[in-house]
Structures are given as C-alpha cells and as structure tokens.
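Colleague: File final_3.pdb follows (PDB, C-alpha atoms):
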```
ATOM      1  CA  SER S1364     -30.325 111.477 -23.347
ATOM      2  CA  PRO S1365     -33.136 109.625 -21.607
ATOM      3  CA  THR S1366     -32.321 106.403 -19.801
ATOM      4  CA  PRO S1367     -33.291 103.415 -21.936
ATOM      5  CA  PRO S1368     -35.390 100.581 -20.496
ATOM      6  CA  PRO S1369     -33.357  98.357 -18.152
ATOM      7  CA  GLY S1370     -33.260  95.389 -20.554
ATOM      8  CA  VAL S1371     -31.738  97.660 -23.208
ATOM      9  CA  THR S1372     -29.114  98.836 -20.728
ATOM     10  CA  ILE S1373     -28.070  95.242 -20.073
ATOM     11  CA  LEU S1374     -27.692  94.605 -23.811
ATOM     12  CA  ARG S1375     -25.738  97.831 -24.356
ATOM     13  CA  VAL S1376     -23.397  97.162 -21.418
ATOM     14  CA  ALA S1377     -22.899  93.592 -22.695
ATOM     15  CA  GLU S1378     -21.907  95.074 -26.076
ATOM     16  CA  VAL S1379     -19.335  97.342 -24.416
ATOM     17  CA  THR S1380     -17.910  94.473 -22.358
ATOM     18  CA  GLN S1381     -17.527  92.404 -25.558
ATOM     19  CA  TYR S1382     -15.740  95.286 -27.273
ATOM     20  CA  GLN S1383     -13.456  95.869 -24.282
ATOM     21  CA  GLU S1384     -12.683  92.168 -23.908
ATOM     22  CA  ASP S1385     -11.836  91.871 -27.615
ATOM     23  CA  MET S1386      -9.637  94.990 -27.464
ATOM     24  CA  LEU S1387      -7.667  93.683 -24.459
ATOM     25  CA  ARG S1388      -7.153  90.275 -26.073
ATOM     26  CA  SER S1389      -6.052  91.982 -29.315
ATOM     27  CA  ILE S1390      -3.450  94.006 -27.420
ATOM     28  CA  VAL S1391      -2.060  90.841 -25.819
ATOM     29  CA  ALA S1392      -2.011  89.100 -29.221
ATOM     30  CA  GLY S1393      -0.169  92.040 -30.803
ATOM     31  CA  ARG S1394      -3.061  92.823 -33.162
ATOM     32  CA  ALA S1395      -3.929  96.301 -31.857
ATOM     33  CA  ASP S1396      -1.620  98.518 -33.963
ATOM     34  CA  GLY S1397       0.526  99.361 -30.949
ATOM     35  CA  LEU S1398      -2.425 100.424 -28.806
ATOM     36  CA  LYS S1399      -1.529 100.456 -25.134
ATOM     37  CA  VAL S1400      -3.788 100.834 -22.133
ATOM     38  CA  GLY S1401      -2.773 101.596 -18.596
ATOM     39  CA  ARG S1402      -4.252 100.834 -15.227
ATOM     40  CA  TRP S1403      -5.487 104.425 -14.910
ATOM     41  CA  MET S1404      -7.286 104.269 -18.290
ATOM     42  CA  MET S1405      -8.951 100.967 -17.416
ATOM     43  CA  SER S1406     -10.017 102.364 -14.043
ATOM     44  CA  ILE S1407     -11.735 105.339 -15.682
ATOM     45  CA  SER S1408     -13.229 103.120 -18.383
ATOM     46  CA  SER S1409     -14.834 100.648 -15.989
ATOM     47  CA  GLU S1410     -16.052 103.436 -13.693
ATOM     48  CA  ARG S1411     -17.645 105.293 -16.627
ATOM     49  CA  LEU S1412     -19.284 102.123 -17.904
ATOM     50  CA  ILE S1413     -21.063 101.655 -14.569
ATOM     51  CA  THR S1414     -21.875 105.358 -14.062
ATOM     52  CA  ASN S1415     -22.939 106.349 -17.585
ATOM     53  CA  SER S1416     -25.100 103.271 -18.094
ATOM     54  CA  LYS S1417     -26.718 103.680 -14.662
ATOM     55  CA  LEU S1418     -26.259  99.910 -14.478
ATOM     56  CA  PRO S1419     -26.761  99.535 -10.688
ATOM     57  CA  ASP S1420     -30.088 101.420 -10.829
ATOM     58  CA  GLN S1421     -31.186  99.569 -13.949
ATOM     59  CA  LEU S1422     -30.430  96.170 -12.405
ATOM     60  CA  GLU S1423     -32.318  97.204  -9.282
ATOM     61  CA  ARG S1424     -35.323  98.199 -11.433
ATOM     62  CA  ILE S1425     -35.270  94.813 -13.147
ATOM     63  CA  ILE S1426     -35.167  92.939  -9.848
ATOM     64  CA  ARG S1427     -37.769  95.117  -8.133
ATOM     65  CA  ASP S1428     -40.230  95.749 -10.994
ATOM     66  CA  LEU S1429     -39.800  93.179 -13.757
ATOM     67  CA  LEU S1430     -39.086  89.824 -12.126
ATOM     68  CA  PRO S1431     -41.382  87.579 -10.124
ATOM     69  CA  ALA S1432     -40.551  87.403  -6.421
ATOM     70  CA  SER S1433     -39.319  83.828  -6.843
ATOM     71  CA  ALA S1434     -36.531  84.949  -9.237
ATOM     72  CA  ARG S1435     -35.332  88.025  -7.373
ATOM     73  CA  ARG S1436     -32.767  86.413  -5.069
ATOM     74  CA  GLU S1437     -31.001  84.629  -7.947
ATOM     75  CA  ALA S1438     -31.068  87.792 -10.070
ATOM     76  CA  GLU S1439     -29.602  89.814  -7.193
ATOM     77  CA  VAL S1440     -26.651  87.426  -7.032
ATOM     78  CA  TYR S1441     -25.929  87.714 -10.777
ATOM     79  CA  ALA S1442     -26.470  91.480 -10.774
ATOM     80  CA  THR S1443     -24.154  92.012  -7.817
ATOM     81  CA  ASP S1444     -21.519  89.682  -9.262
ATOM     82  CA  SER S1445     -21.543  91.551 -12.590
ATOM     83  CA  LEU S1446     -21.016  94.898 -10.861
ATOM     84  CA  ILE S1447     -18.238  93.516  -8.664
ATOM     85  CA  LYS S1448     -16.426  92.113 -11.719
ATOM     86  CA  ILE S1449     -16.659  95.358 -13.691
ATOM     87  CA  ASP S1450     -15.499  97.254 -10.604
ATOM     88  CA  LYS S1451     -12.506  94.878 -10.188
ATOM     89  CA  ILE S1452     -11.325  95.759 -13.703
ATOM     90  CA  GLY S1453     -10.660  99.285 -12.520
ATOM     91  CA  GLU S1454      -9.238  98.316  -9.154
ATOM     92  CA  ARG S1455      -6.026 100.117  -8.276
ATOM     93  CA  LYS S1456      -3.923  99.578  -5.183
ATOM     94  CA  ASP S1457      -1.436 101.943  -3.608
ATOM     95  CA  GLY S1458       1.919 101.390  -5.212
ATOM     96  CA  ASP S1459       0.487 100.092  -8.495
ATOM     97  CA  ASN S1460       2.183 101.668 -11.445
ATOM     98  CA  ASP S1461       0.177 102.425 -14.564
ATOM     99  CA  LYS S1462       1.774  99.695 -16.675
ATOM    100  CA  LEU S1463      -0.290  96.600 -17.307
ATOM    101  CA  GLU S1464       1.347  93.280 -18.142
ATOM    102  CA  ASP S1465      -0.259  90.770 -20.484
ATOM    103  CA  LYS S1466      -1.469  88.747 -17.491
ATOM    104  CA  ASP S1467      -3.231  91.872 -16.152
ATOM    105  CA  LEU S1468      -4.891  92.514 -19.516
ATOM    106  CA  LEU S1469      -6.038  88.887 -19.770
ATOM    107  CA  ARG S1470      -7.403  89.002 -16.212
ATOM    108  CA  MET S1471      -9.379  92.134 -17.138
ATOM    109  CA  ALA S1472     -10.625  90.526 -20.371
ATOM    110  CA  ASP S1473     -11.766  87.493 -18.362
ATOM    111  CA  LEU S1474     -13.583  89.774 -15.898
ATOM    112  CA  TYR S1475     -15.418  91.494 -18.768
ATOM    113  CA  ALA S1476     -16.443  88.080 -20.134
ATOM    114  CA  ALA S1477     -17.605  86.864 -16.705
ATOM    115  CA  ALA S1478     -19.543  90.079 -16.015
ATOM    116  CA  ARG S1479     -21.224  89.754 -19.423
ATOM    117  CA  GLU S1480     -22.230  86.171 -18.584
ATOM    118  CA  ASP S1481     -23.797  87.353 -15.295
ATOM    119  CA  LEU S1482     -25.688  90.080 -17.172
ATOM    120  CA  ARG S1483     -26.843  87.528 -19.746
ATOM    121  CA  LYS S1484     -28.306  85.407 -16.952
ATOM    122  CA  VAL S1485     -30.238  88.395 -15.574
ATOM    123  CA  PHE S1486     -31.446  89.344 -19.069
ATOM    124  CA  TYR S1487     -32.800  85.862 -19.763
ATOM    125  CA  MET S1488     -34.724  85.932 -16.478
ATOM    126  CA  LEU S1489     -36.797  88.809 -17.913
ATOM    127  CA  PRO S1490     -40.185  87.999 -19.413
ATOM    128  CA  ALA S1491     -39.898  87.058 -23.106
ATOM    129  CA  ASP S1492     -41.808  90.114 -24.345
ATOM    130  CA  ILE S1493     -39.435  92.456 -22.500
ATOM    131  CA  GLN S1494     -36.428  90.585 -23.909
ATOM    132  CA  GLU S1495     -37.764  90.990 -27.463
ATOM    133  CA  GLN S1496     -38.650  94.647 -26.981
ATOM    134  CA  SER S1497     -35.197  95.312 -25.476
ATOM    135  CA  LYS S1498     -33.435  93.618 -28.404
ATOM    136  CA  LYS S1499     -35.468  95.642 -30.886
ATOM    137  CA  ILE S1500     -34.699  98.966 -29.162
ATOM    138  CA  ALA S1501     -30.989  98.094 -28.808
ATOM    139  CA  ARG S1502     -30.765  97.251 -32.543
ATOM    140  CA  GLN S1503     -32.496 100.503 -33.430
ATOM    141  CA  MET S1504     -30.121 102.507 -31.205
ATOM    142  CA  ARG S1505     -27.100 100.794 -32.795
ATOM    143  CA  GLN S1506     -28.394 101.567 -36.312
ATOM    144  CA  GLU S1507     -28.955 105.221 -35.400
ATOM    145  CA  GLU S1508     -25.432 105.475 -33.986
ATOM    146  CA  MET S1509     -23.917 103.871 -37.076
ATOM    147  CA  ALA S1510     -25.871 106.264 -39.301
ATOM    148  CA  ALA S1511     -24.656 109.234 -37.242
ATOM    149  CA  VAL S1512     -21.037 108.045 -37.521
ATOM    150  CA  ALA S1513     -21.408 107.578 -41.293
ATOM    151  CA  GLU S1514     -22.952 111.043 -41.612
ATOM    152  CA  ALA S1515     -20.147 112.617 -39.575
ATOM    153  CA  ALA S1516     -17.519 110.882 -41.710
ATOM    154  CA  LYS S1517     -19.285 112.062 -44.876
ATOM    155  CA  SER S1518     -19.437 115.676 -43.660
ATOM    156  CA  GLU S1519     -15.700 115.523 -42.899
ATOM    157  CA  GLY S1520     -15.170 114.476 -46.490
ATOM    158  CA  ARG S1521     -13.791 111.016 -45.781
TER
END
```
Starting from the file, give its structure as structure tokens.
Modeller:
Amino acid sequence: SPTPPPGVTILRVAEVTQYQEDMLRSIVAGRADGLKVGRWMMSISSERLITNSKLPDQLERIIRDLLPASARREAEVYATDSLIKIDKIGERKDGDNDKLEDKDLLRMADLYAAAREDLRKVFYMLPADIQEQSKKIARQMRQEEMAAVAEAAKSEGR
C-alpha cells in the first residue's frame, strides 16, 4: 500500500502506541483474559511499528519539507526522542529471558505514552491545514479498516 502523508503516519503510530500501552496496562491489571507477552514479542512489535510505518523517513520529511526552519531543531529533538523510546521498548540484552515482570510491562507502557507525547508535539508543529487534512485521512483509513473487518466477519458467518 502507498505510504500515507507524514502527518497521517504520526496519527496512525500514535493510535498503535495507545493500543499497545492500554494492552500492557490491562495485562498488569489482570484484565487481559490471560494474555501474556514476552520480551521477544515486544521486540518484534516495536521493530515492526518503526519499520512498517516508515516513521523515521516520515519524521524526516516533516522536518525537512513541512516545517519552517525555525521549528526544525525542536522537531528533530521530539522526533528522535520518540524513535529512541519506541526502540527501547524492544531492547533486549544478552542474558535476558523472555519473561516480562509487571514492572517491565509498566516501563514499556510508559515508553509508549512518552513516545506518543513526543509525536503529538511534532504533529502540532505542522501547519494547521496539514493537521486537518491528516486527521481527515486517518479517520477515513480507520473507517475503511473497520468496514473491511466487519465484511470479513460477515463472510465468515459470525
């Protein structure tokens, strides 16, 4: 599928980070129907989020093409911080086993929240018309996905 505009990518990645944060907090709170996640799974998840969204390239496009020169340095800091935080979620050290304790899950949830806040700051540095256009496209994409899921469920006879 074609790469969406960079503002849309920020919104979509923010959505994923919210979902992931909520899931991790639900696991800790015992509200996840026994769902368990391991270090390996979180490593793949955070890596795929960055790779599949093309987030580094999209942030670079925003900074280079969509922001005034006076805002670029600040945006670079937020963009870099967001990527570092998402990358830290998947960090694995030699000798780490796959099991994650509640404190690990909460640390990861906090990193998702902090990365989302950094992305929010970059998004709101965009010109207002690009913000609005990005929100509109993101909503449309979400509606299309929900319709596709509903159609798939219907065709499976659910």
Colleague: Mind telling me what the PyMOL selection byres ((chain S and resi 1447-1460) around 8) catches here, as a VMD selection string?
Modeller: chain S and resid 1402 to 1403 1405 to 1410 1413 1443 to 1446 1461 to 1462 1471 1474 to 1475 1477 to 1478
Colleague: Kindly resolve the PyMOL selection byres ((chain S and resi 1369) around 8) on the present coordinates and return the residues as a list of chain:residue names.
Modeller: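 The output of the PyMOL selection byres ((chain S and resi 1369) around 8) on this file is S:Pro1367, S:Pro1368, S:Gly1370, S:Val1371, S:Thr1372, S:Ile1373, S:Gln1421, S:Leu1422, S:Arg1424, S:Ile1425.
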Colleague: Once the PyMOL selection byres ((chain S and resi 1485-1488) around 7) is applied to the coordinates I shared, what remains selected? I want it as a ChimeraX atom specification.
Modeller: /S:1370,1373,1438,1441-1442,1481-1484,1489-1490
Colleague: Identify which of the residues S:Leu1463, S:Val1376, S:Ala1513, S:Ala1472 lies closest to Lys1417 (chain S), counting only C-alpha atoms when measuring atom-to-atom distances.
Modeller: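 Using only C-alpha atoms, Lys1417 (chain S) sits closest to S:Val1376.
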Colleague: Between CA of Gly1401 (chain S) and CA of Asp1385 (chain S), what is the distance, to one decimal in Å?
Modeller: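 CA of Asp1385 (chain S) lies 16.1 Å from CA of Gly1401 (chain S).
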Colleague: Rounded to one decimal in Å, what is the spacing between CA of Leu1418 (chain S) and CA of Arg1375 (chain S)?
Modeller: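 Between these atoms lies a distance of 10.1 Å.
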Colleague: For a quick check of understanding, using only C-alpha atoms, which of S:Glu1439, S:Glu1495, S:Glu1519, S:Asp1467 has the smallest distance to Leu1374 (chain S)?
Modeller: S:Glu1495
Colleague: Save region 1421-1463 of chain S of the structure in the block above to a file, with N, CA and C atoms included, as an mmCIF file, in the first residue's frame.
Modeller:
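That gives us out00.cif:
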```cif
data_model
loop_
_atom_site.group_PDB
_atom_site.id
_atom_site.type_symbol
_atom_site.label_atom_id
_atom_site.label_comp_id
_atom_site.auth_asym_id
_atom_site.auth_seq_id
_atom_site.Cartn_x
_atom_site.Cartn_y
_atom_site.Cartn_z
ATOM 1 N N GLN S 1421 9.327 9.359 7.576
ATOM 2 C CA GLN S 1421 8.194 10.276 7.623
ATOM 3 C C GLN S 1421 8.509 11.489 8.518
ATOM 4 N N LEU S 1422 9.146 11.224 9.657
ATOM 5 C CA LEU S 1422 9.531 12.339 10.533
ATOM 6 C C LEU S 1422 10.550 13.241 9.839
ATOM 7 N N GLU S 1423 11.471 12.629 9.125
ATOM 8 C CA GLU S 1423 12.472 13.403 8.386
ATOM 9 C C GLU S 1423 11.799 14.279 7.328
ATOM 10 N N ARG S 1424 10.792 13.724 6.637
ATOM 11 C CA ARG S 1424 10.056 14.505 5.630
ATOM 12 C C ARG S 1424 9.358 15.702 6.266
ATOM 13 N N ILE S 1425 8.762 15.476 7.428
ATOM 14 C CA ILE S 1425 8.086 16.575 8.127
ATOM 15 C C ILE S 1425 9.087 17.690 8.428
ATOM 16 N N ILE S 1426 10.199 17.300 9.029
ATOM 17 C CA ILE S 1426 11.204 18.292 9.445
ATOM 18 C C ILE S 1426 11.787 19.019 8.237
ATOM 19 N N ARG S 1427 12.106 18.274 7.203
ATOM 20 C CA ARG S 1427 12.760 18.854 6.020
ATOM 21 C C ARG S 1427 11.790 19.669 5.155
ATOM 22 N N ASP S 1428 10.563 19.147 4.944
ATOM 23 C CA ASP S 1428 9.679 19.723 3.924
ATOM 24 C C ASP S 1428 8.481 20.510 4.457
ATOM 25 N N LEU S 1429 8.060 20.241 5.691
ATOM 26 C CA LEU S 1429 6.786 20.805 6.134
ATOM 27 C C LEU S 1429 6.893 21.828 7.258
ATOM 28 N N LEU S 1430 8.054 21.939 7.863
ATOM 29 C CA LEU S 1430 8.208 22.880 8.980
ATOM 30 C C LEU S 1430 9.091 24.059 8.583
ATOM 31 N N PRO S 1431 8.808 25.214 9.163
ATOM 32 C CA PRO S 1431 9.715 26.350 8.915
ATOM 33 C C PRO S 1431 11.071 26.063 9.566
ATOM 34 N N ALA S 1432 12.104 26.656 9.017
ATOM 35 C CA ALA S 1432 13.465 26.432 9.521
ATOM 36 C C ALA S 1432 13.559 26.673 11.027
ATOM 37 N N SER S 1433 12.822 27.646 11.521
ATOM 38 C CA SER S 1433 12.903 27.994 12.945
ATOM 39 C C SER S 1433 12.370 26.889 13.862
ATOM 40 N N ALA S 1434 11.567 25.968 13.343
ATOM 41 C CA ALA S 1434 10.974 24.904 14.166
ATOM 42 C C ALA S 1434 11.698 23.573 14.019
ATOM 43 N N ARG S 1435 12.623 23.498 13.094
ATOM 44 C CA ARG S 1435 13.222 22.192 12.762
ATOM 45 C C ARG S 1435 14.033 21.588 13.898
ATOM 46 N N ARG S 1436 14.831 22.385 14.582
ATOM 47 C CA ARG S 1436 15.683 21.852 15.646
ATOM 48 C C ARG S 1436 14.821 21.223 16.747
ATOM 49 N N GLU S 1437 13.794 21.945 17.185
ATOM 50 C CA GLU S 1437 12.907 21.432 18.234
ATOM 51 C C GLU S 1437 12.203 20.154 17.766
ATOM 52 N N ALA S 1438 11.741 20.147 16.529
ATOM 53 C CA ALA S 1438 11.063 18.964 15.992
ATOM 54 C C ALA S 1438 12.013 17.775 15.911
ATOM 55 N N GLU S 1439 13.259 18.032 15.553
ATOM 56 C CA GLU S 1439 14.257 16.949 15.499
ATOM 57 C C GLU S 1439 14.429 16.285 16.862
ATOM 58 N N VAL S 1440 14.436 17.101 17.903
ATOM 59 C CA VAL S 1440 14.583 16.562 19.265
ATOM 60 C C VAL S 1440 13.407 15.646 19.597
ATOM 61 N N TYR S 1441 12.188 16.120 19.371
ATOM 62 C CA TYR S 1441 10.993 15.306 19.669
ATOM 63 C C TYR S 1441 10.951 14.049 18.806
ATOM 64 N N ALA S 1442 11.276 14.202 17.526
ATOM 65 C CA ALA S 1442 11.243 13.063 16.606
ATOM 66 C C ALA S 1442 12.249 11.994 17.043
ATOM 67 N N THR S 1443 13.453 12.431 17.338
ATOM 68 C CA THR S 1443 14.497 11.499 17.768
ATOM 69 C C THR S 1443 14.112 10.826 19.082
ATOM 70 N N ASP S 1444 13.606 11.623 20.025
ATOM 71 C CA ASP S 1444 13.200 11.060 21.316
ATOM 72 C C ASP S 1444 12.110 10.008 21.142
ATOM 73 N N SER S 1445 11.147 10.258 20.259
ATOM 74 C CA SER S 1445 10.063 9.287 20.059
ATOM 75 C C SER S 1445 10.622 7.968 19.526
ATOM 76 N N LEU S 1446 11.529 8.058 18.573
ATOM 77 C CA LEU S 1446 12.116 6.839 17.995
ATOM 78 C C LEU S 1446 12.951 6.085 19.024
ATOM 79 N N ILE S 1447 13.694 6.812 19.830
ATOM 80 C CA ILE S 1447 14.517 6.173 20.867
ATOM 81 C C ILE S 1447 13.611 5.428 21.858
ATOM 82 N N LYS S 1448 12.515 6.049 22.249
ATOM 83 C CA LYS S 1448 11.603 5.429 23.221
ATOM 84 C C LYS S 1448 10.959 4.174 22.651
ATOM 85 N N ILE S 1449 10.503 4.238 21.409
ATOM 86 C CA ILE S 1449 9.896 3.043 20.800
ATOM 87 C C ILE S 1449 10.947 1.950 20.672
ATOM 88 N N ASP S 1450 12.164 2.323 20.302
ATOM 89 C CA ASP S 1450 13.249 1.360 20.176
ATOM 90 C C ASP S 1450 13.574 0.712 21.530
ATOM 91 N N LYS S 1451 13.535 1.499 22.612
ATOM 92 C CA LYS S 1451 13.833 0.974 23.956
ATOM 93 C C LYS S 1451 12.829 -0.087 24.389
ATOM 94 N N ILE S 1452 11.604 0.006 23.901
ATOM 95 C CA ILE S 1452 10.577 -0.984 24.253
ATOM 96 C C ILE S 1452 11.046 -2.372 23.842
ATOM 97 N N GLY S 1453 11.681 -2.445 22.686
ATOM 98 C CA GLY S 1453 12.123 -3.735 22.173
ATOM 99 C C GLY S 1453 13.527 -4.123 22.562
ATOM 100 N N GLU S 1454 14.157 -3.316 23.381
ATOM 101 C CA GLU S 1454 15.546 -3.564 23.767
ATOM 102 C C GLU S 1454 15.687 -4.900 24.490
ATOM 103 N N ARG S 1455 16.663 -5.677 24.045
ATOM 104 C CA ARG S 1455 16.962 -6.946 24.712
ATOM 105 C C ARG S 1455 18.459 -7.003 24.954
ATOM 106 N N LYS S 1456 18.820 -7.474 26.147
ATOM 107 C CA LYS S 1456 20.236 -7.595 26.484
ATOM 108 C C LYS S 1456 20.595 -9.075 26.570
ATOM 109 N N ASP S 1457 21.846 -9.376 26.340
ATOM 110 C CA ASP S 1457 22.298 -10.758 26.498
ATOM 111 C C ASP S 1457 21.937 -11.226 27.899
ATOM 112 N N GLY S 1458 21.427 -12.421 27.985
ATOM 113 C CA GLY S 1458 21.081 -12.964 29.288
ATOM 114 C C GLY S 1458 19.649 -12.669 29.701
ATOM 115 N N ASP S 1459 18.965 -11.786 28.996
ATOM 116 C CA ASP S 1459 17.549 -11.536 29.301
ATOM 117 C C ASP S 1459 16.754 -12.783 28.945
ATOM 118 N N ASN S 1460 15.881 -13.196 29.851
ATOM 119 C CA ASN S 1460 14.974 -14.257 29.448
ATOM 120 C C ASN S 1460 13.758 -13.590 28.813
ATOM 121 N N ASP S 1461 12.837 -14.394 28.320
ATOM 122 C CA ASP S 1461 11.704 -13.833 27.588
ATOM 123 C C ASP S 1461 10.621 -13.299 28.522
ATOM 124 N N LYS S 1462 10.656 -13.734 29.776
ATOM 125 C CA LYS S 1462 9.587 -13.362 30.712
ATOM 126 C C LYS S 1462 9.677 -11.894 31.099
ATOM 127 N N LEU S 1463 8.525 -11.248 31.080
ATOM 128 C CA LEU S 1463 8.449 -9.849 31.488
ATOM 129 C C LEU S 1463 7.669 -9.751 32.795
#
```
